[in-house]
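> Provided herewith: work_35.txt, compact mmCIF, C-alpha atoms.
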# COMPACT_ATOMS: atom_id res chain seq x y z
CA MET U 1 3.99 32.00 -45.21
CA PRO U 2 4.57 29.65 -48.17
CA PHE U 3 3.78 26.00 -47.57
CA GLN U 4 2.66 22.96 -49.55
CA VAL U 5 -0.38 20.84 -48.78
CA PHE U 6 -0.49 17.15 -49.65
CA GLN U 7 -3.14 14.47 -49.17
CA ALA U 8 -2.50 10.78 -48.58
CA GLU U 9 -4.52 7.87 -47.31
CA SER U 10 -3.55 6.47 -43.93
CA LYS U 11 -4.05 3.15 -42.17
CA SER U 12 -5.16 4.77 -38.91
CA VAL U 13 -6.20 8.15 -37.51
CA LEU U 14 -6.63 7.10 -33.85
CA SER U 15 -3.72 5.72 -31.83
CA SER U 16 -3.52 4.32 -28.33
CA THR U 17 -1.63 6.75 -26.12
CA THR U 18 1.76 6.40 -24.45
CA GLY U 19 3.97 8.63 -22.31
CA PHE U 20 2.86 12.13 -21.30
CA ILE U 21 -0.62 11.95 -22.84
CA ALA U 22 -1.35 8.51 -21.40
CA GLN U 23 -0.22 9.69 -17.96
CA ALA U 24 -2.73 12.54 -18.25
CA GLY U 25 -5.55 10.02 -18.69
CA PHE U 26 -6.16 10.03 -22.45
CA THR U 27 -6.86 6.66 -24.06
CA HIS U 28 -6.33 7.76 -27.68
CA SER U 29 -4.79 10.51 -29.77
CA LEU U 30 -6.26 11.74 -33.04
CA THR U 31 -3.69 12.98 -35.53
CA PRO U 32 -5.22 14.46 -38.71
CA ALA U 33 -1.95 15.20 -40.54
CA ARG U 34 1.81 14.71 -40.62
CA ASN U 35 3.95 17.86 -40.23
CA CYS U 36 2.61 21.21 -38.99
CA THR U 37 2.71 24.45 -40.97
CA PHE U 38 2.92 26.61 -37.85
CA GLY U 39 6.57 25.47 -37.82
CA CYS U 40 7.24 26.79 -34.29
CA SER U 41 10.93 27.03 -33.41
CA TYR U 42 10.56 25.06 -30.17
CA CYS U 43 8.22 22.29 -31.38
CA TYR U 44 9.32 18.96 -29.92
CA VAL U 45 7.62 16.79 -32.55
CA PRO U 46 10.47 16.79 -35.14
CA THR U 47 12.83 15.47 -32.45
CA MET U 48 10.63 12.35 -32.21
CA ARG U 49 11.35 11.46 -35.85
CA ILE U 50 9.98 8.03 -36.80
CA PHE U 51 8.70 7.52 -33.25
CA GLY U 52 6.31 10.43 -33.89
CA GLY U 53 5.08 8.85 -37.12
CA LEU U 54 7.22 11.21 -39.22
CA LYS U 55 9.23 10.66 -42.36
CA ARG U 56 12.70 12.11 -42.90
CA ASP U 57 11.33 14.88 -45.09
CA ASP U 58 9.04 15.95 -42.23
CA TRP U 59 11.73 16.55 -39.62
CA GLU U 60 14.24 17.94 -42.11
CA HIS U 61 11.71 20.46 -43.51
CA TRP U 62 9.46 21.01 -40.51
CA GLY U 63 6.78 23.61 -41.13
CA GLN U 64 7.26 23.84 -44.88
CA PHE U 65 4.48 21.41 -45.82
CA THR U 66 1.95 19.04 -44.33
CA THR U 67 0.32 15.81 -45.44
CA PHE U 68 -3.34 15.43 -44.45
CA LYS U 69 -4.90 12.03 -43.90
CA SER U 70 -7.45 12.22 -46.70
CA ASN U 71 -9.44 9.24 -45.41
CA ALA U 72 -9.54 10.44 -41.77
CA ALA U 73 -13.34 10.66 -41.64
CA GLU U 74 -13.79 7.16 -43.04
CA LEU U 75 -11.25 5.76 -40.57
CA LEU U 76 -13.00 7.45 -37.65
CA ARG U 77 -16.29 5.88 -38.72
CA ARG U 78 -14.69 2.50 -37.98
CA GLN U 79 -12.46 3.39 -35.02
CA LEU U 80 -14.58 5.59 -32.74
CA ARG U 81 -15.96 4.03 -29.54
CA ALA U 82 -18.13 5.51 -26.78
CA GLY U 83 -15.58 5.13 -23.96
CA GLN U 84 -12.61 6.80 -25.66
CA ILE U 85 -10.89 9.85 -24.17
CA ILE U 86 -9.27 11.50 -27.20
CA TYR U 87 -6.55 14.16 -27.47
CA CYS U 88 -6.29 16.02 -30.79
CA SER U 89 -3.42 16.30 -31.35
CA PRO U 90 0.00 15.66 -29.79
CA VAL U 91 1.77 15.75 -33.17
CA VAL U 92 0.22 18.60 -35.21
CA ASP U 93 -2.06 21.52 -34.47
CA PRO U 94 -5.47 20.57 -35.92
CA TYR U 95 -6.02 24.24 -36.82
CA GLN U 96 -2.63 24.83 -38.43
CA PRO U 97 -2.56 27.26 -41.39
CA ALA U 98 -2.85 24.46 -43.94
CA GLU U 99 -6.23 23.45 -42.44
CA GLU U 100 -7.84 26.49 -44.07
CA PRO U 101 -7.64 25.14 -47.63
CA ALA U 102 -7.85 21.49 -46.59
CA GLU U 103 -11.03 21.76 -44.44
CA LEU U 104 -10.45 18.35 -42.85
CA MET U 105 -11.61 19.23 -39.33
CA PRO U 106 -15.30 19.81 -40.25
CA ARG U 107 -15.44 16.25 -41.60
CA ILE U 108 -13.76 14.94 -38.44
CA LEU U 109 -16.17 16.83 -36.20
CA ASP U 110 -19.14 15.44 -38.15
CA GLU U 111 -17.94 11.89 -37.46
CA LEU U 112 -17.44 12.68 -33.78
CA MET U 113 -21.00 14.01 -33.55
CA ALA U 114 -22.33 10.82 -35.16
CA ARG U 115 -20.27 8.55 -32.84
CA PRO U 116 -19.39 10.63 -29.77
CA PRO U 117 -16.51 9.48 -27.56
CA GLN U 118 -16.49 9.99 -23.79
CA VAL U 119 -14.21 13.05 -23.98
CA PHE U 120 -12.76 14.95 -26.95
CA VAL U 121 -10.02 17.54 -26.41
CA ILE U 122 -8.69 19.91 -29.05
CA GLN U 123 -5.23 21.34 -28.42
CA THR U 124 -4.60 24.38 -30.63
CA ARG U 125 -3.25 27.90 -30.92
CA GLY U 126 -5.20 28.61 -34.10
CA PRO U 127 -8.07 31.15 -34.17
CA MET U 128 -9.25 29.29 -37.28
CA ILE U 129 -11.12 27.06 -34.82
CA LEU U 130 -13.85 29.73 -34.80
CA ARG U 131 -14.72 28.72 -38.38
CA ASP U 132 -16.15 25.52 -36.89
CA LEU U 133 -17.92 27.12 -33.94
CA ASP U 134 -21.39 25.82 -34.85
CA ARG U 135 -20.11 22.26 -35.17
CA LEU U 136 -18.19 22.53 -31.89
CA ALA U 137 -21.29 23.78 -30.07
CA ALA U 138 -23.25 20.82 -31.46
CA LEU U 139 -20.50 18.37 -30.47
CA ALA U 140 -20.42 19.80 -26.94
CA ARG U 141 -24.07 18.76 -26.56
CA VAL U 142 -23.30 15.06 -27.14
CA THR U 143 -19.86 14.61 -25.51
CA ARG U 144 -17.51 16.30 -23.05
CA LEU U 145 -15.71 18.67 -25.40
CA ARG U 146 -12.73 20.66 -24.15
CA VAL U 147 -10.54 23.15 -26.01
CA SER U 148 -7.05 23.71 -24.63
CA PHE U 149 -5.91 26.96 -26.24
CA SER U 150 -2.19 27.73 -26.11
CA ILE U 151 -1.04 31.11 -24.76
CA THR U 152 2.75 31.23 -24.64
CA THR U 153 3.81 34.78 -23.69
CA ASN U 154 2.47 38.27 -23.02
CA ARG U 155 5.22 39.83 -25.16
CA GLU U 156 4.45 40.16 -28.84
CA SER U 157 8.14 40.64 -29.68
CA VAL U 158 8.84 37.20 -28.17
CA ARG U 159 5.95 35.59 -30.03
CA LYS U 160 7.35 36.92 -33.32
CA LEU U 161 10.77 35.39 -32.56
CA TYR U 162 9.71 31.90 -31.50
CA GLU U 163 6.41 31.34 -33.33
CA PRO U 164 6.19 33.91 -36.15
CA HIS U 165 3.45 32.05 -38.04
CA CYS U 166 1.08 31.93 -35.06
CA ALA U 167 -1.60 34.50 -34.29
CA PRO U 168 -0.76 37.37 -31.90
CA MET U 169 -1.73 36.94 -28.27
CA TRP U 170 -4.61 39.42 -28.34
CA GLU U 171 -6.26 37.38 -31.09
CA ARG U 172 -5.74 34.14 -29.22
CA LEU U 173 -7.24 35.59 -26.03
CA GLU U 174 -10.23 36.86 -27.99
CA THR U 175 -10.67 33.40 -29.49
CA ILE U 176 -10.86 31.92 -26.00
CA ARG U 177 -13.51 34.47 -25.05
CA ARG U 178 -15.60 33.68 -28.13
CA LEU U 179 -15.37 29.93 -27.53
CA ARG U 180 -16.50 30.47 -23.93
CA ALA U 181 -19.37 32.69 -25.06
CA ALA U 182 -20.54 29.84 -27.31
CA GLY U 183 -20.62 27.47 -24.34
CA ILE U 184 -17.39 25.63 -25.20
CA ASP U 185 -15.38 24.53 -22.14
CA THR U 186 -12.08 26.32 -22.87
CA PHE U 187 -8.79 26.32 -20.98
CA ALA U 188 -6.04 28.92 -21.35
CA THR U 189 -2.97 26.69 -21.49
CA LEU U 190 0.39 28.39 -20.89
CA ALA U 191 2.44 26.01 -22.98
CA PRO U 192 5.18 26.17 -23.73
CA LEU U 193 6.18 29.01 -21.43
CA LEU U 194 8.22 31.42 -23.52
CA PRO U 195 10.02 34.50 -22.12
CA CYS U 196 7.32 36.62 -20.50
CA ASP U 197 6.20 38.52 -17.44
CA PRO U 198 4.85 35.51 -15.48
CA GLU U 199 2.41 37.52 -13.34
CA GLU U 200 0.97 39.38 -16.31
CA LEU U 201 0.65 36.20 -18.37
CA ALA U 202 -1.17 34.49 -15.49
CA ALA U 203 -3.52 37.47 -15.18
CA LEU U 204 -4.34 37.32 -18.90
CA ALA U 205 -5.18 33.61 -18.62
CA LEU U 206 -7.39 34.20 -15.58
CA GLU U 207 -9.27 36.97 -17.36
CA ALA U 208 -9.81 34.97 -20.54
CA THR U 209 -11.18 31.80 -18.95
CA ASP U 210 -13.06 30.72 -15.85
CA ARG U 211 -11.18 27.42 -15.63
CA ASP U 212 -8.07 26.31 -13.79
CA VAL U 213 -4.83 27.15 -15.59
CA ILE U 214 -2.55 24.57 -17.20
CA GLY U 215 1.11 25.23 -17.99
CA ASP U 216 4.22 23.54 -19.29
CA ALA U 217 7.79 24.82 -19.57
CA LEU U 218 9.97 24.27 -22.61
CA HIS U 219 11.11 20.64 -22.62
CA ILE U 220 14.80 20.34 -21.74
CA ARG U 221 17.05 17.30 -21.86
CA SER U 222 18.32 17.74 -18.28
CA LEU U 223 14.79 17.04 -17.03
CA LYS U 224 13.85 14.59 -19.77
CA PRO U 225 16.69 12.13 -20.46
CA SER U 226 14.85 10.49 -23.37
CA GLY U 227 12.06 11.20 -25.79
CA ALA U 228 10.95 14.47 -27.35
CA THR U 229 12.65 17.74 -26.46
CA THR U 230 12.78 21.38 -27.58
CA ARG U 231 14.24 21.93 -31.06
CA ALA U 232 17.71 23.42 -31.50
CA ALA U 233 16.18 26.44 -33.27
CA ALA U 234 14.63 27.67 -30.00
CA TYR U 235 17.96 27.29 -28.19
CA ARG U 236 19.61 29.45 -30.84
CA ILE U 237 16.92 32.15 -30.56
CA SER U 238 17.17 32.12 -26.77
CA GLY U 239 20.94 32.45 -26.87
CA ARG U 240 20.90 35.35 -29.35
CA HIS U 241 18.37 37.31 -27.30
CA GLY U 242 19.68 36.69 -23.78
CA ASP U 243 16.88 34.29 -22.82
CA SER U 244 18.84 31.08 -22.22
CA ALA U 245 17.64 31.00 -18.59
CA TRP U 246 14.21 29.95 -19.86
CA LEU U 247 15.81 26.61 -20.73
CA ASP U 248 17.26 26.15 -17.23
CA ALA U 249 15.39 23.82 -14.85
CA ASP U 250 15.75 25.98 -11.71
CA PHE U 251 14.66 29.12 -13.56
CA GLN U 252 11.66 27.28 -15.05
CA ALA U 253 10.64 26.10 -11.58
CA ALA U 254 10.79 29.67 -10.26
CA VAL U 255 8.63 30.94 -13.14
CA THR U 256 5.96 28.28 -12.65
CA GLU U 257 5.95 29.02 -8.91
CA ARG U 258 5.30 32.72 -9.63
CA ILE U 259 2.45 31.85 -11.98
CA GLY U 260 1.05 29.42 -9.43
CA ARG U 261 0.91 32.12 -6.76
CA VAL U 262 -1.12 34.46 -8.98
CA VAL U 263 -3.54 31.70 -9.96
CA SER U 264 -3.90 30.44 -6.40
CA ASN U 265 -4.58 33.97 -5.12
CA ALA U 266 -7.45 34.10 -7.61
CA GLY U 267 -8.95 30.94 -6.10
CA ARG U 268 -8.01 28.60 -8.94
CA ARG U 269 -5.53 25.79 -9.47
CA PHE U 270 -2.35 25.78 -11.56
CA ALA U 271 -0.38 22.69 -12.57
CA THR U 272 2.11 21.66 -15.21
CA GLY U 273 2.77 18.41 -17.03
CA PRO U 274 0.42 15.41 -16.88
CA GLU U 275 -1.17 16.70 -13.65
CA GLY U 276 -2.48 19.80 -15.37
CA PHE U 277 -3.41 18.12 -18.63
CA ARG U 278 -5.38 15.54 -16.66
CA TRP U 279 -7.95 18.26 -15.90
CA LEU U 280 -8.87 18.18 -19.58
CA THR U 281 -10.03 14.57 -19.26
CA GLN U 282 -12.28 15.10 -16.22
Go through the file and emit its structure as structure tokens.

Amino acid sequence: MPFQVFQAESKSVLSSTTGFIAQAGFTHSLTPARNCTFGCSYCYVPTMRIFGGLKRDDWEHWGQFTTFKSNAAELLRRQLRAGQIIYCSPVVDPYQPAEEPAELMPRILDELMARPPQVFVIQTRGPMILRDLDRLAALARVTRLRVSFSITTNRESVRKLYEPHCAPMWERLETIRRLRAAGIDTFATLAPLLPCDPEELAALALEATDRDVIGDALHIRSLKPSGATTRAAAYRISGRHGDSAWLDADFQAAVTERIGRVVSNAGRRFATGPEGFRWLTQ
């Protein structure tokens, strides 16, 4: 996958939260870059435009490049406080493909270890996180560290359609297992829910982690009158492949109910939206 990597200084790397993430109990978000080289078809971030801290080039060429905050570590040195509950990141995946050459996350983790917040949560779908396993294990000893690892479908053909630059599901499940084995508190997060066998996907999540299961359907405008929503590219893919029902509110509710039954029968909880993501802060 060809992409460009840029570096630029920023005025801030931590932001006070609003909306979904604030409702879930996070006080701050940590955004290491602008634009994400996973370039997933459904990603809601480009629909936020300037309200997501993007520039026109970002939303018009989503996934083709990213701009890392070159002074992120220095900014964290000044901005970190002991009581913060931090989500990394609602705007880009911190372990996107461009992170491999940039190696920004090790520097960020070092600052977090030196000035640990109350809670630090990494939201990712990138197996590259295992590169930093030693640092993560060290960070988990000084703060409540959680990894929310995204599992979107049990069908590899679907993954290739909607998120072709992401790792296959077997690799993502194995990453969860390795994080757990290293003592990292890791959630299998079914978000967004792409076309799948709901019962099988729930079973995979239950096997991979010993935690409750978090989910979130594709964002649709009928349920979310304002703010970020699923990109048009995902609607086009769904229409071409007979999967438009996955963007229907009633169908989504039925899918989450089916997943919830499987999880509940296993003695664990399942929730979507801020309710589920709140478990990451506790």
> For atom CA of Asp58 of chain U and atom CA of Ala234 of chain U, quote the distance in Å rounded to one decimal.
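Calculated distance between atom CA of Asp58 of chain U and atom CA of Ala234 of chain U is 17.8 Å.
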> In terms of the shortest atom-to-atom distance over all atoms listed in the file, which of U:Ala249, U:Thr189, U:Pro116, U:Thr256 is closest to Ala138 of chain U?
U:Pro116
> Give the answer as one residue: which of U:Pro198, U:Gly239, U:Gly63, U:Gly25 has the shortest atom-to-atom distance to Leu280 of chain U, using all atoms listed in the file?
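Of the candidates, the smallest distance to Leu280 of chain U is held by U:Gly25.
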> Could you check the closest approach to Asp110 of chain U for each of U:Ala137, U:Ala253, U:Leu201, U:Ala24 and tell me which residue wins, using only C-alpha atoms?
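Checking each of U:Ala137, U:Ala253, U:Leu201, U:Ala24 against Asp110 of chain U, counting only C-alpha atoms, the winner is U:Ala137.
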> Which residue, U:Pro97, U:Ala233, U:Glu111, U:Asp197, has the smallest gap to Ala167 of chain U when you use only C-alpha atoms?
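So, comparing all the options, the nearest one is U:Pro97.
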> When you count all atoms listed in the file, which of these residues is closest to Gly126 of chain U: U:Trp279, U:Phe3, U:Phe251, U:Phe38?
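Nearest candidate to Gly126 of chain U out of U:Trp279, U:Phe3, U:Phe251, U:Phe38: U:Phe38.
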> What's the separation between atom CA of Thr152 of chain U and atom CA of Met169 of chain U, in Å to one decimal place?
8.1 Å
> Given 3 Å of margin on each side, can you work out the centre and size in Å (one decimal) of an axis-aligned box holding every listed atom of segment 193-204 of chain U, as JSON?

{"center_x": 2.8, "center_y": 34.2, "center_z": -18.4, "size_x": 20.4, "size_y": 16.4, "size_z": 16.2}
> Between atom CA of Arg77 of chain U and atom CA of Ser89 of chain U, what is the distance, to one decimal in Å?
18.1 Å
> Restricting the calculation to all atoms listed in the file, which member of U:Gln282, U:Ser10, U:Ala217, U:Val255 is positioned closest to Arg144 of chain U?
U:Gln282
> Tell me which protein, DNA and RNA residues are within 10 Å of His165 of chain U, counting all atoms listed in the file, leaving out same-chain ones fewer than 3 positions away, and put them as a list in words.
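Selected residues are Met1, Thr37, Phe38, Gly39, Cys40, Gly63, Gln96, Pro97, Arg159, Lys160, Leu161, Tyr162 and Pro168 of chain U.
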> I want to know what sits within 10 Å of Cys43 of chain U, based on only C-alpha atoms, with residues of the same chain fewer than 6 positions away left out; could you give that as a PyMOL selection string?
chain U and resi 36+62-63+91-92+162-163+192+218-219+228-234
> May I have the residues within 12 Å of Leu204 of chain U as JSON, numbers by chain, using only C-alpha atoms and disregarding those fewer than 3 positions away in the same chain?
{"U": [151, 152, 153, 154, 155, 169, 170, 172, 173, 174, 176, 177, 188, 189, 190, 196, 197, 198, 199, 200, 201, 207, 208, 209, 210, 213, 259, 262, 263]}
